[in-house]
>>> print(open('entry_8.txt').read())   # compact mmCIF, C-alpha atoms and all ligand atoms
# COMPACT_ATOMS: atom_id res chain seq x y z
CA MET A 16 152.07 57.88 93.49
CA PRO A 17 152.00 54.89 95.84
CA GLN A 18 151.71 55.51 99.52
CA ARG A 19 155.12 55.45 101.11
CA ASN A 20 155.72 53.48 104.22
CA SER A 21 155.83 55.96 107.02
CA PRO A 22 157.53 55.41 110.33
CA GLY A 23 155.29 58.13 111.69
CA LYS A 24 152.46 55.68 111.76
CA SER A 25 154.35 53.22 113.90
CA HIS A 26 156.05 55.86 116.00
CA SER A 27 153.72 55.60 118.96
CA LYS A 28 154.22 51.90 119.51
CA GLY A 29 157.72 51.48 118.20
CA ILE A 30 158.66 49.10 115.48
CA THR A 31 160.12 45.65 115.57
CA LEU A 32 163.17 44.51 113.71
CA LEU A 33 161.01 41.96 111.95
CA GLU A 34 158.70 44.69 110.66
CA LEU A 35 161.70 46.67 109.52
CA PHE A 36 163.24 43.80 107.64
CA GLU A 37 159.89 43.17 105.98
CA MET A 38 159.66 46.82 104.98
CA PHE A 39 163.12 46.74 103.47
CA PRO A 40 163.54 43.20 102.15
CA ASP A 41 166.41 44.14 99.86
CA GLU A 42 168.76 46.89 98.78
CA THR A 43 166.58 48.03 95.90
CA THR A 44 163.60 48.64 98.18
CA ALA A 45 165.77 50.73 100.48
CA ARG A 46 167.30 52.63 97.59
CA LYS A 47 163.88 53.44 96.18
CA TRP A 48 162.78 54.64 99.60
CA PHE A 49 165.71 57.03 99.95
CA GLU A 50 165.28 58.20 96.37
CA SER A 51 161.60 58.94 96.95
CA ILE A 52 162.63 61.16 99.85
CA ILE A 53 165.67 62.83 98.35
CA TRP A 54 164.11 63.33 94.91
CA LYS A 55 160.69 64.50 95.99
CA ASP A 56 159.00 64.61 92.63
CA GLY A 57 160.23 61.22 91.60
CA VAL A 58 162.79 62.44 89.09
CA ALA A 59 166.43 61.55 89.60
CA VAL A 60 168.40 64.79 89.61
CA CYS A 61 172.04 64.74 88.53
CA HIS A 62 174.11 66.24 91.32
CA ARG A 63 176.74 67.51 88.89
CA CYS A 64 174.72 69.54 86.42
CA GLY A 65 171.29 69.54 88.01
CA GLY A 66 169.93 67.84 84.92
CA THR A 67 166.77 65.80 85.10
CA ASN A 68 167.21 64.08 81.77
CA THR A 69 168.38 60.92 83.48
CA TYR A 70 167.72 57.23 83.37
CA GLU A 71 168.24 54.19 85.52
CA VAL A 72 170.94 51.81 84.36
CA ALA A 73 170.78 48.05 84.61
CA ASN A 74 172.99 46.55 87.29
CA GLY A 75 174.02 50.04 88.21
CA LYS A 76 175.84 49.40 91.42
CA PRO A 77 176.82 51.50 93.19
CA LEU A 78 175.68 54.29 90.85
CA PRO A 79 172.26 53.32 89.52
CA HIS A 80 171.47 56.46 87.53
CA LYS A 81 173.00 58.13 84.53
CA CYS A 82 172.70 61.69 83.31
CA ARG A 83 172.13 62.21 79.58
CA THR A 84 173.45 65.76 79.81
CA CYS A 85 176.85 65.19 81.37
CA ARG A 86 176.95 61.43 80.76
CA LYS A 87 178.00 60.62 84.30
CA HIS A 88 176.66 57.97 86.61
CA PHE A 89 175.28 59.07 89.96
CA SER A 90 173.23 58.00 92.94
CA ALA A 91 170.97 59.65 95.48
CA ARG A 92 173.75 59.38 98.05
CA HIS A 93 175.63 62.37 96.68
CA GLY A 94 175.36 65.40 98.91
CA THR A 95 173.58 63.59 101.73
CA ILE A 96 174.67 61.93 104.95
CA LEU A 97 174.79 58.73 102.90
CA GLU A 98 177.65 59.98 100.75
CA GLY A 99 180.95 58.18 101.11
CA SER A 100 179.46 55.46 103.29
CA HIS A 101 180.15 51.83 102.48
CA ILE A 102 177.08 50.80 104.48
CA SER A 103 174.26 49.48 102.34
CA LEU A 104 171.15 51.59 101.94
CA ARG A 105 169.14 48.76 103.43
CA GLN A 106 171.18 49.05 106.60
CA TRP A 107 170.88 52.83 106.50
CA ALA A 108 167.11 52.69 106.11
CA ILE A 109 166.74 50.29 109.00
CA ALA A 110 169.04 52.41 111.15
CA VAL A 111 167.09 55.58 110.36
CA TYR A 112 163.87 53.88 111.39
CA LEU A 113 165.37 52.44 114.55
CA VAL A 114 166.76 55.78 115.66
CA ALA A 115 163.72 57.79 114.66
CA THR A 116 161.13 55.50 116.22
CA SER A 117 162.94 54.59 119.41
CA ARG A 118 161.84 56.44 122.49
CA LYS A 119 164.80 55.45 124.59
CA GLY A 120 167.37 56.02 121.91
CA VAL A 121 169.52 53.56 120.06
CA SER A 122 173.09 52.76 121.03
CA SER A 123 175.86 52.19 118.56
CA MET A 124 176.27 48.75 120.14
CA LYS A 125 172.69 47.93 119.19
CA LEU A 126 173.20 49.06 115.59
CA HIS A 127 176.46 47.16 115.51
CA ARG A 128 174.72 43.97 116.58
CA ASP A 129 171.42 44.38 114.75
CA LEU A 130 172.91 45.42 111.43
CA GLY A 131 176.08 43.38 111.48
CA ILE A 132 178.34 46.36 110.94
CA SER A 133 181.44 47.33 112.88
CA GLN A 134 180.96 49.28 116.07
CA PRO A 135 182.92 52.32 114.78
CA SER A 136 180.79 52.32 111.62
CA ALA A 137 177.66 52.11 113.73
CA TRP A 138 178.87 54.98 115.87
CA ARG A 139 179.53 57.23 112.86
CA MET A 140 176.21 56.26 111.36
CA LEU A 141 174.41 57.12 114.56
CA LEU A 142 176.07 60.53 114.75
CA LYS A 143 174.97 61.36 111.23
CA ILE A 144 171.40 60.24 111.76
CA ARG A 145 171.14 62.08 115.06
CA SER A 146 172.52 65.27 113.57
CA ALA A 147 170.05 64.96 110.72
CA LEU A 148 167.22 64.61 113.20
CA ALA A 149 168.46 66.97 115.91
CA ASP A 150 167.53 70.31 114.46
CA ASP A 151 164.00 69.17 113.99
CA SER A 152 163.40 68.28 117.63
CA ASP A 153 161.53 71.51 118.29
CA VAL A 154 159.10 71.05 115.49
CA TYR A 155 158.73 67.33 115.84
CA THR A 156 155.18 66.23 116.34
CA GLY A 157 153.28 63.09 115.60
CA THR A 158 151.98 64.66 112.45
CA VAL A 159 155.41 65.05 110.92
CA GLU A 160 156.49 61.82 109.39
CA VAL A 161 159.84 60.62 110.56
CA ASP A 162 161.21 60.01 107.12
CA GLU A 163 160.47 63.53 106.03
CA THR A 164 161.84 64.99 109.24
CA CYS A 165 165.03 63.09 108.79
CA VAL A 166 165.22 64.03 105.19
CA GLY A 167 165.17 67.65 106.18
CA GLY A 168 168.33 66.95 108.06
CA ILE A 169 169.82 64.90 105.30
CA GLU A 170 169.12 67.65 102.85
CA LYS A 171 170.66 70.28 105.12
CA ASN A 172 173.92 68.40 105.11
CA LYS A 173 174.21 68.99 101.43
CA HIS A 174 176.71 71.43 100.11
CA GLU A 175 175.16 74.71 99.14
CA SER A 176 176.02 74.16 95.50
CA ASN A 177 174.19 70.86 95.49
CA LYS A 178 171.16 72.40 97.12
CA LEU A 179 170.92 74.99 94.39
CA LYS A 180 171.48 72.47 91.66
CA ALA A 181 168.81 70.28 93.10
CA GLY A 182 166.46 73.24 93.19
CA ARG A 183 163.26 71.84 91.89
CA GLY A 184 161.24 73.39 94.64
CA ALA A 185 160.33 70.29 96.54
CA VAL A 186 163.60 69.46 98.23
CA GLY A 187 164.51 70.21 101.77
CA LYS A 188 162.93 70.56 105.13
CA THR A 189 161.40 73.93 104.49
CA ALA A 190 159.25 72.55 101.75
CA VAL A 191 158.37 69.51 103.79
CA LEU A 192 157.35 71.37 106.91
CA ALA A 193 155.82 74.39 105.27
ZN ZN A 201 174.53 65.71 84.78
>>> encode(input="entry_8.txt", output="structure tokens", more="lines below")
Ligand SMILES: [Zn+2]
Amino acid sequence: MPQRNSPGKSHSKGITLLELFEMFPDETTARKWFESIIWKDGVAVCHRCGGTNTYEVANGKPLPHKCRTCRKHFSARHGTILEGSHISLRQWAIAVYLVATSRKGVSSMKLHRDLGISQPSAWRMLLKIRSALADDSDVYTGTVEVDETCVGGIEKNKHESNKLKAGRGAVGKTAVLA
């Protein structure tokens, strides 16, 4: 498995917007990044039936995966803080990095300007990212990679039913921090 880009490595010195845009040059890169976090073992899990007999569809926007068992399209957004958002995953990924690697905190005005999204959207986005990160503040250390810390939070926001369906052992904060 290729080494994932980790914001943990750049945490101590912060990260520039330029570096971020280079890390996530397009939507597909960002989607793959989120998928690698949400589906730990690299298999897309159908959120409806929990099936792993799935495949990626061509031009599958906004639902890039399809389940062979229940024949529905799905994406990694389901059951996470990304669900129901019209913000692109590229913008989400950059926002997560900005929030997680900023020592002084990131304002919704900054996200609004940097990402070109509305200020109310930026504000809601910020709330979700902060809540995903908040519960991990006690255990946060330099050794815990930001993406995995945040994912713990993202995973916790899932409905209980989705958590169980996803149950392939490697999802969630507990597994990450264990
Ligand atoms: Zn299914």
>>> closest_residue(input="entry_8.txt", among="A:Arg118, A:Gln106, A:His88, A:Ser123", to="Gly75 in chain A", atoms="only C-alpha atoms")
A:His88
>>> residues_near_ligand(input="entry_8.txt", ligand="ligand ZN 201 (chain A)", cutoff="8 Å", atoms="only C-alpha atoms and all ligand atoms", output="list in words")
Val60, Cys61, His62, Arg63, Cys64, Gly65, Gly66, Thr67, Thr69, Lys81, Cys82, Arg83, Thr84, Cys85, Arg86 and Lys87 of chain A
>>> atom_distance(input="entry_8.txt", atom1="CA of Ala91 in chain A", atom2="CA of Glu50 in chain A")
5.9 Å
>>> axis_aligned_box(input="entry_8.txt", around="range 34-51 of chain A", padding_each_side="5 Å", output="AutoDock Vina command-line options")
--center_x 163.7 --center_y 51.1 --center_z 103.3 --size_x 20.1 --size_y 25.8 --size_z 24.8
>>> closest_residue(input="entry_8.txt", among="A:Ile30, A:Ala73, A:Met38, A:Met140", to="Arg105 in chain A", atoms="all atoms listed in the file")
A:Met38
>>> atom_distance(input="entry_8.txt", atom1="CA of Tyr70 in chain A", atom2="CA of Val58 in chain A")
9.2 Å
>>> atom_distance(input="entry_8.txt", atom1="CA of Ser103 in chain A", atom2="CA of Asp56 in chain A")
23.6 Å
>>> closest_residue(input="entry_8.txt", among="A:Val111, A:Pro79, A:Trp54, A:Ile96", to="Leu130 in chain A", atoms="all atoms listed in the file")
A:Val111
>>> residues_near_point(input="entry_8.txt", point="(165.7, 51.3, 100.3)", cutoff="10 Å", atoms="all atoms listed in the file", output="number ranges by chain")
A: 38-51, 103-109
>>> closest_residue(input="entry_8.txt", among="A:Leu113, A:Ile102, A:Leu97, A:Leu141", to="Leu32 in chain A", atoms="all atoms listed in the file")
A:Leu113
>>> build_atoms(input="entry_8.txt", residues="range 113-145 of chain A", atoms="N, CA and C atoms", output="CSV table (one decimal), in the frame of the given file")
chain,number,residue,atom,x,y,z
A,113,LEU,N,165.1,52.8,113.2
A,113,LEU,CA,165.4,52.4,114.6
A,113,LEU,C,165.6,53.7,115.4
A,114,VAL,N,166.4,54.6,114.9
A,114,VAL,CA,166.8,55.8,115.7
A,114,VAL,C,165.5,56.7,115.8
A,115,ALA,N,164.8,56.8,114.7
A,115,ALA,CA,163.7,57.8,114.7
A,115,ALA,C,162.5,57.3,115.4
A,116,THR,N,162.3,56.0,115.6
A,116,THR,CA,161.1,55.5,116.2
A,116,THR,C,161.4,55.0,117.6
A,117,SER,N,162.6,55.1,118.1
A,117,SER,CA,162.9,54.6,119.4
A,117,SER,C,162.8,55.7,120.4
A,118,ARG,N,162.0,55.4,121.5
A,118,ARG,CA,161.8,56.4,122.5
A,118,ARG,C,163.1,56.6,123.4
A,119,LYS,N,163.7,55.4,123.6
A,119,LYS,CA,164.8,55.4,124.6
A,119,LYS,C,166.1,55.7,123.9
A,120,GLY,N,166.1,55.8,122.6
A,120,GLY,CA,167.4,56.0,121.9
A,120,GLY,C,168.0,54.7,121.5
A,121,VAL,N,168.9,54.8,120.6
A,121,VAL,CA,169.5,53.6,120.1
A,121,VAL,C,171.0,53.7,120.3
A,122,SER,N,171.6,52.7,120.8
A,122,SER,CA,173.1,52.8,121.0
A,122,SER,C,173.8,52.3,119.8
A,123,SER,N,175.1,52.7,119.7
A,123,SER,CA,175.9,52.2,118.6
A,123,SER,C,176.1,50.7,118.7
A,124,MET,N,176.1,50.2,119.9
A,124,MET,CA,176.3,48.8,120.1
A,124,MET,C,175.1,48.0,119.6
A,125,LYS,N,173.9,48.6,119.7
A,125,LYS,CA,172.7,47.9,119.2
A,125,LYS,C,172.7,47.9,117.7
A,126,LEU,N,173.1,49.0,117.1
A,126,LEU,CA,173.2,49.1,115.6
A,126,LEU,C,174.3,48.1,115.1
A,127,HIS,N,175.4,48.1,115.8
A,127,HIS,CA,176.5,47.2,115.5
A,127,HIS,C,176.0,45.7,115.5
A,128,ARG,N,175.2,45.4,116.5
A,128,ARG,CA,174.7,44.0,116.6
A,128,ARG,C,173.6,43.7,115.6
A,129,ASP,N,172.6,44.6,115.6
A,129,ASP,CA,171.4,44.4,114.8
A,129,ASP,C,171.7,44.4,113.3
A,130,LEU,N,172.7,45.3,112.9
A,130,LEU,CA,172.9,45.4,111.4
A,130,LEU,C,174.1,44.7,111.0
A,131,GLY,N,174.9,44.1,111.9
A,131,GLY,CA,176.1,43.4,111.5
A,131,GLY,C,177.2,44.3,110.9
A,132,ILE,N,177.3,45.5,111.4
A,132,ILE,CA,178.3,46.4,110.9
A,132,ILE,C,179.3,46.6,112.1
A,133,SER,N,180.5,47.1,111.8
A,133,SER,CA,181.4,47.3,112.9
A,133,SER,C,180.9,48.4,113.8
A,134,GLN,N,181.4,48.3,115.1
A,134,GLN,CA,181.0,49.3,116.1
A,134,GLN,C,181.4,50.7,115.7
A,135,PRO,N,182.6,51.0,115.2
A,135,PRO,CA,182.9,52.3,114.8
A,135,PRO,C,182.0,52.8,113.6
A,136,SER,N,181.7,51.9,112.7
A,136,SER,CA,180.8,52.3,111.6
A,136,SER,C,179.4,52.7,112.2
A,137,ALA,N,179.0,51.9,113.1
A,137,ALA,CA,177.7,52.1,113.7
A,137,ALA,C,177.7,53.4,114.5
A,138,TRP,N,178.8,53.7,115.1
A,138,TRP,CA,178.9,55.0,115.9
A,138,TRP,C,178.8,56.2,114.9
A,139,ARG,N,179.5,56.1,113.8
A,139,ARG,CA,179.5,57.2,112.9
A,139,ARG,C,178.1,57.4,112.2
A,140,MET,N,177.5,56.3,111.9
A,140,MET,CA,176.2,56.3,111.4
A,140,MET,C,175.2,56.9,112.3
A,141,LEU,N,175.3,56.6,113.6
A,141,LEU,CA,174.4,57.1,114.6
A,141,LEU,C,174.6,58.6,114.7
A,142,LEU,N,175.8,59.1,114.7
A,142,LEU,CA,176.1,60.5,114.8
A,142,LEU,C,175.4,61.3,113.6
A,143,LYS,N,175.5,60.7,112.4
A,143,LYS,CA,175.0,61.4,111.2
A,143,LYS,C,173.4,61.4,111.3
A,144,ILE,N,172.9,60.3,111.7
A,144,ILE,CA,171.4,60.2,111.8
A,144,ILE,C,170.9,61.2,112.8
A,145,ARG,N,171.6,61.2,114.0
A,145,ARG,CA,171.1,62.1,115.1
A,145,ARG,C,171.2,63.5,114.6
